[in-house]
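Okay, so here's the structure we're looking at.
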2 protein chains.
Amino acid sequence: MDTPVNRDLPPALIDELRAIVGADGVVADDSSVEALTRTCLPFRTLPSAVVFPRDVGQVQAIMLAAARADIPVWPVSTGKNWGYGEKAAVYEAGITMMLERMKRIEHVDEQLGYAVIEPGVTYQQLNDHLKQTGSRLWADCSGSTQHASVIGNALDKGRGLTPMADHFGCLCGMDVVLADGSLLETGGGPAGNNHVRHTYKWGVGPYQDGLFVQSNLGIVVKSGVWLMPAPERFDFAAFEYKAGPERLGAFIDDLQSLVMSRAVRAHPHLANDFAMMCILAQYPHELLGGRRHLSEDAAARWRREHGVARWTFGCGLYGSREEVRYQKRMIRKVLGRYGMVQFIGAAVRDDLLGRFVRWAAPIVNRMLGKSPEFTDVMLPAINLFRGIPTDDFARQAYFKSFKEKPKVDIDPARDGCGFVWIGPVVPFTSAHVMKALALTKAIFDRHEFDFFVEVIVESPRSVIVLVGVFFERNDAADAARAKAWYEEARLAFIEAGYPPYRATTMSQPHALDANPPSKALLAALKHAVDPNNLIAPGRYGTPQR
Amino acid sequence: MDTPVNRDLPPALIDELRAIVGADGVVADDSSVEALTRTCLPFRTLPSAVVFPRDVGQVQAIMLAAARADIPVWPVSTGKNWGYGEKAAVYEAGITMMLERMKRIEHVDEQLGYAVIEPGVTYQQLNDHLKQTGSRLWADCSGSTQHASVIGNALDKGRGLTPMADHFGCLCGMDVVLADGSLLETGGGPAGNNHVRHTYKWGVGPYQDGLFVQSNLGIVVKSGVWLMPAPERFDFAAFEYKAGPERLGAFIDDLQSLVMSRAVRAHPHLANDFAMMCILAQYPHELLGGRRHLSEDAAARWRREHGVARWTFGCGLYGSREEVRYQKRMIRKVLGRYGMVQFIGAAVRDDLLGRFVRWAAPIVNRMLGKSPEFTDVMLPAINLFRGIPTDDFARQAYFKSFKEKPKVDIDPARDGCGFVWIGPVVPFTSAHVMKALALTKAIFDRHEFDFFVEVIVESPRSVIVLVGVFFERNDAADAARAKAWYEEARLAFIEAGYPPYRATTMSQPHALDANPPSKALLAALKHAVDPNNLIAPGRYGTPQR
């Protein structure tokens, strides 16, 4: 048995933290800390305290206080990375530093297309700000919750759906607090006076922003984020794969050619039937028949009941009228070989056509044999491709353990939902994608979980095969099953040469184990900038304390 | 006076280097070393020896030998970065390691659009390889020489002209020899078996490729390079600015809007009259009238003689037929307000229309009052935007000190041409660009140099205001004048908040002086991975020995 960890902080440190951030900025009593730092994972650690700085000076002062007491600090932006690790560290005790109160939108540059924001700024807040100020700019968002941090998601290499889906790629020019409390402006240009720090990516000398992604080399307290101007035209393609499984490989290669030729500029998620059902329905416990996951027959019955195809995706179209015409021509021509394509972007328009499409959608869906929930998710799905965030899809977290998905105040970690994600990066070719899908399916079957997969278009060159399982978090045996599934999948993906694009706190210390020179290099860099291993020890392959 | 440096290497080390790379791979006699490492800069250092490894193992062995002897190694790919530093270090003595014999093209992936190459591979070699193998892929190239290294240019953040102009941004997945001789595969995925190392940019954990750009943290011995598929349609817009100087600001903003809305996907260089004349003519010494640079009147006379506009650029158009139609519509509409636009992409076509355009071009040019040289550079200029490299523009280096530009075997460093470049990065707005131009012009005037400027479209958010001077390299007074110009310009740009995108070997040790935290961070990282400061000490802001 593990020795119980002494989680108590020195009382003098608690006093010091209170003096820095105010009494309401430190949470140290056990039950509040527990409630604040729940996770959806089959893995749990508890910090000693959670501290909420309001500005850069407070972040610096906290680091100096923690250094004096030799207590590690696990920084999170808003900790809404549900199913990846949330607000809990890879170790017990220590301080979790929540940046959610640092919510300043410092500047939006309309002509050059960027915002400068703090890590507490959420997708919803940034979107509201742009709409309220009459900006022509769109901010990409992730498909999870509207309350996630723009910077936090980007720093974990999270993804969106629009042409600006590469969230880390859209960060440019950071303020970073280092372990010694000093403040770095990245880019190497003149400190305090670099006019291009948010417009030119690579800076002077080695590229510095890249040091701070999936990283514990510093705490990002501000960053530039590139935004896209609203296009002249927008449309939306809804696609359902109707061909047989033997043509899926050819479909993957054709989809890749659409992305490479920029007929598809968005970053769609190709969802399998089960992934779609999580969004549309509650889990059909009644179809299990004593099994732990649905049989092929039961899954097929459930799928038909709701009119769900084997594979489905939505995809935004962007550009001038000529460009959108090209995109429609190619999408219709190429994807039409494999199933049904509908262009329904007009549904979000504020005119007669928009009203007509919204009126007709439920009728058309009924005729196509689809359940009414299809219509419910249509507008939020289209809007995601315009960078408008929503909690509509995060609600799926509740679909298995709860009788009904809540309408508002979604927080699956707080509410005891159990799920975990892993997303291996795979070359965008039929051979690799089919191999990765087969490999994954076998692991789901072996652990008796329902096969949930979304093939995310990362670029013309890679996809992310995002898979996940839902489990009963308060049932130790089910949690152990989920953990075993995760560990087998993780090792299998690495063994096959498809490294996961993000790591949960369950596996972060081992994230670079398969590449010893890479791990050694990172350990040397970490030791150079944080010799006492104060910031987030163990994050992404770095040494634990 | 400086103490003369003892440049002799220990004889045992020379023997060891010969044992590693063979006798023909080590050049150590003074006159050969001098001839090999000439530079165009008003600054000269001499290494003790130049060594030419043929493979990774030899690079590793050289590093171990250099470490034992405690002799620094200055690695260069092919050293064709004329006017930036070429093959000479920032210090005297030591070893220059030339990677030009590492010329393997390991793999080209047609579907995913990338090549894996060694640092000795030149633009010409890669282009020839693609053409000979019938590839549909285009490799971007820089506008300087066809014999430059693809990887070397990218690692110095060099730029091209096509949509893939961001050369460093197109590198993905490197093999790097570290100072201790170990070999790193970047990306953090499984070493030896990572299927996405050349397709997925950010890898696992902190982004590692970024450590090795404008850097001495390691020696890149192989890299993936992203390529673009030949577009369905290609065209080329030739533009001449005919409006008055009072409308230049409005023009800059309109050009920015074209780039932001992706009507311009290429990365054109907006060249001023003098920059165009360097390409088209020899320097008109006869117009100087005893001055050191041309008067406004003399420059105007020379400009009219050749039919050159105040500002000129060429720009490739790329995409499907609808996309190119959109680009032509917008370019004609927006740029038509400021001057003359001609679409002459057909000139490179291998059909009747192509032959007609090539036949008509000299006639049209004559009618427009242009000198015959306009016609000579038309095809090479268009082809640059299709990634086809040429030495036609590098010839301008000879235009001032030589009676005639050579037709073949261009090597301005070897041949004694004197010039130096500096390119501050400036936000892509009229206010910033006009300010940077005025600032720069005053410095040229103060040092009595002719104003050479190209405004390079870096992205929708930044331009590079590339400026340079030509001088008599063998005239100490003229070289001192060029050096003074460079130093004043460099400090003025940094002071104004426009950091230069590249540094010459004259200024590299001071590249981060204006950002002390950034400089301190880099020094700590350097010390961590190369504690004895063996690889290129002083490069880009790192400590000198």
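Labeling convention for the structure tokens: chains A, B, ... as they appear, residues from 1 per chain, ligands from 1 in order of appearance.
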Each residue of chain B lying at most 6 Å from chain A should get a row with its shortest atom-to-atom pair and the distance in Å to one decimal, counting only C-alpha atoms; could you produce that, ordered by chain and increasing number, as CSV?
```
residue,atom,partner,partner_atom,distance
B:Leu112,CA,A:Arg461,CA,5.1
B:Leu184,CA,A:Pro517,CA,5.6
B:Gly188,CA,A:Leu512,CA,5.6
B:Gly189,CA,A:Pro499,CA,5.3
B:Pro190,CA,A:Ala514,CA,4.6
B:Ala191,CA,A:Asn515,CA,4.8
B:Asn193,CA,A:Gly497,CA,5.1
B:Asn194,CA,A:Gly497,CA,4.4
B:His195,CA,A:Gly497,CA,5.3
B:Val196,CA,A:Pro427,CA,5.8
B:Thr199,CA,A:Arg461,CA,5.1
B:Gly205,CA,A:Gln214,CA,4.7
B:Pro206,CA,A:Val213,CA,5.1
B:Tyr207,CA,A:Gly210,CA,4.8
B:Gly210,CA,A:Tyr207,CA,4.8
B:Leu211,CA,A:Pro206,CA,5.1
B:Val213,CA,A:Pro206,CA,5.1
B:Gln214,CA,A:Gly205,CA,4.7
B:Ser215,CA,A:Pro206,CA,5.5
B:Glu322,CA,A:Glu322,CA,5.2
B:Glu323,CA,A:Glu323,CA,5.2
B:Tyr326,CA,A:Glu322,CA,5.9
B:Pro427,CA,A:Val196,CA,5.8
B:Arg461,CA,A:Thr199,CA,5.1
B:Ser462,CA,A:Thr199,CA,5.8
B:Gly497,CA,A:Asn194,CA,4.4
B:Pro499,CA,A:Gly189,CA,5.3
B:Leu512,CA,A:Gly188,CA,5.6
B:Ala514,CA,A:Pro190,CA,4.6
B:Asn515,CA,A:Ala191,CA,4.8
B:Pro517,CA,A:Leu184,CA,5.6
B:Ser518,CA,A:Gly188,CA,5.7
B:Ala524,CA,A:Ala528,CA,5.7
B:Leu525,CA,A:Leu525,CA,5.8
B:Ala528,CA,A:Ala524,CA,5.7
B:Tyr540,CA,A:Gly205,CA,5.3
```
Give me, as a PyMOL selection string, the residues of region 171-325 of chain B that a backbone DSSP run labels strand (DSSP E or B). chain B and resi 171-177+183-185+219-226+228-229+233-241+269-272+311-319
For the selection you just gave me, I'd like the residues written to a file as an mmCIF file, in the first residue's frame, keeping C-alpha atoms.
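Produced file out.cif, reproduced below:
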```cif
data_model
loop_
_atom_site.group_PDB
_atom_site.id
_atom_site.type_symbol
_atom_site.label_atom_id
_atom_site.label_comp_id
_atom_site.auth_asym_id
_atom_site.auth_seq_id
_atom_site.Cartn_x
_atom_site.Cartn_y
_atom_site.Cartn_z
ATOM 1 C CA LEU B 171 10.330 22.176 -41.975
ATOM 2 C CA CYS B 172 8.888 19.293 -39.989
ATOM 3 C CA GLY B 173 10.757 16.596 -38.112
ATOM 4 C CA MET B 174 14.543 16.868 -37.844
ATOM 5 C CA ASP B 175 17.563 14.714 -37.101
ATOM 6 C CA VAL B 176 19.919 16.809 -34.992
ATOM 7 C CA VAL B 177 23.456 16.123 -33.765
ATOM 8 C CA LEU B 183 21.574 12.131 -32.286
ATOM 9 C CA LEU B 184 18.114 13.536 -31.603
ATOM 10 C CA GLU B 185 14.964 12.799 -33.589
ATOM 11 C CA ILE B 219 23.416 20.626 -35.988
ATOM 12 C CA VAL B 220 20.479 19.707 -38.209
ATOM 13 C CA VAL B 221 21.595 16.826 -40.414
ATOM 14 C CA LYS B 222 18.214 15.891 -41.937
ATOM 15 C CA SER B 223 14.735 17.353 -42.056
ATOM 16 C CA GLY B 224 11.293 16.908 -43.529
ATOM 17 C CA VAL B 225 10.304 19.765 -45.862
ATOM 18 C CA TRP B 226 6.676 20.316 -46.835
ATOM 19 C CA MET B 228 2.857 21.963 -52.344
ATOM 20 C CA PRO B 229 0.957 20.133 -55.074
ATOM 21 C CA ARG B 233 -4.338 26.789 -62.432
ATOM 22 C CA PHE B 234 -1.417 29.169 -62.221
ATOM 23 C CA ASP B 235 -1.187 32.775 -63.332
ATOM 24 C CA PHE B 236 1.092 35.699 -62.682
ATOM 25 C CA ALA B 237 0.297 39.360 -62.074
ATOM 26 C CA ALA B 238 2.917 41.988 -62.965
ATOM 27 C CA PHE B 239 2.179 45.259 -61.190
ATOM 28 C CA GLU B 240 3.680 48.728 -61.490
ATOM 29 C CA TYR B 241 2.813 51.494 -59.037
ATOM 30 C CA HIS B 269 8.469 41.523 -53.001
ATOM 31 C CA LEU B 270 7.485 45.114 -53.661
ATOM 32 C CA ALA B 271 10.725 46.491 -55.093
ATOM 33 C CA ASN B 272 11.576 50.165 -55.339
ATOM 34 C CA TRP B 311 7.490 50.423 -57.190
ATOM 35 C CA THR B 312 7.108 47.084 -58.965
ATOM 36 C CA PHE B 313 6.096 43.587 -58.027
ATOM 37 C CA GLY B 314 5.257 40.234 -59.510
ATOM 38 C CA CYS B 315 2.871 37.822 -57.865
ATOM 39 C CA GLY B 316 1.859 34.214 -58.566
ATOM 40 C CA LEU B 317 -1.806 33.199 -58.548
ATOM 41 C CA TYR B 318 -2.699 29.668 -57.458
ATOM 42 C CA GLY B 319 -5.694 27.399 -57.175
#
```
Neighbour list for Val377 (chain B) as a PyMOL selection string, cut-off 9 Å, only C-alpha atoms, skip fewer than 6 positions in-chain: chain B and resi 279-280+392-393
Can you list, as a PDB file with C-alpha atoms, in the first residue's frame, every protein, DNA or RNA residue that comes within 10 Å of Leu287 (chain A) when you count only C-alpha atoms, leaving out same-chain residues fewer than 3 positions away?
```pdb
ATOM      1  CA  TYR A 283     -27.120   5.395 -23.492  1.00  0.00           C
ATOM      2  CA  PRO A 284     -29.495   2.460 -24.242  1.00  0.00           C
ATOM      3  CA  GLY A 290     -26.197  -8.411 -19.702  1.00  0.00           C
ATOM      4  CA  ARG A 291     -23.115  -7.367 -21.716  1.00  0.00           C
ATOM      5  CA  HIS A 293     -21.006  -2.921 -24.255  1.00  0.00           C
ATOM      6  CA  LEU A 294     -23.501  -3.077 -27.094  1.00  0.00           C
ATOM      7  CA  SER A 295     -23.427  -6.033 -29.452  1.00  0.00           C
ATOM      8  CA  ASP A 297     -26.873  -6.071 -33.500  1.00  0.00           C
ATOM      9  CA  ALA A 298     -27.893  -3.835 -30.618  1.00  0.00           C
ATOM     10  CA  ALA A 299     -25.748  -0.992 -31.934  1.00  0.00           C
ATOM     11  CA  ARG A 301     -30.807  -1.314 -33.944  1.00  0.00           C
ATOM     12  CA  TRP A 302     -30.029   1.824 -31.945  1.00  0.00           C
TER      13      TRP A 302
END
```
Apply DSSP to the structure's backbone, then extract all residues of region 69-301 of chain B labelled alpha helix (DSSP H) and return them as a ChimeraX atom specification. /B:69,123-132,150-155,248-260,273-280,296-301
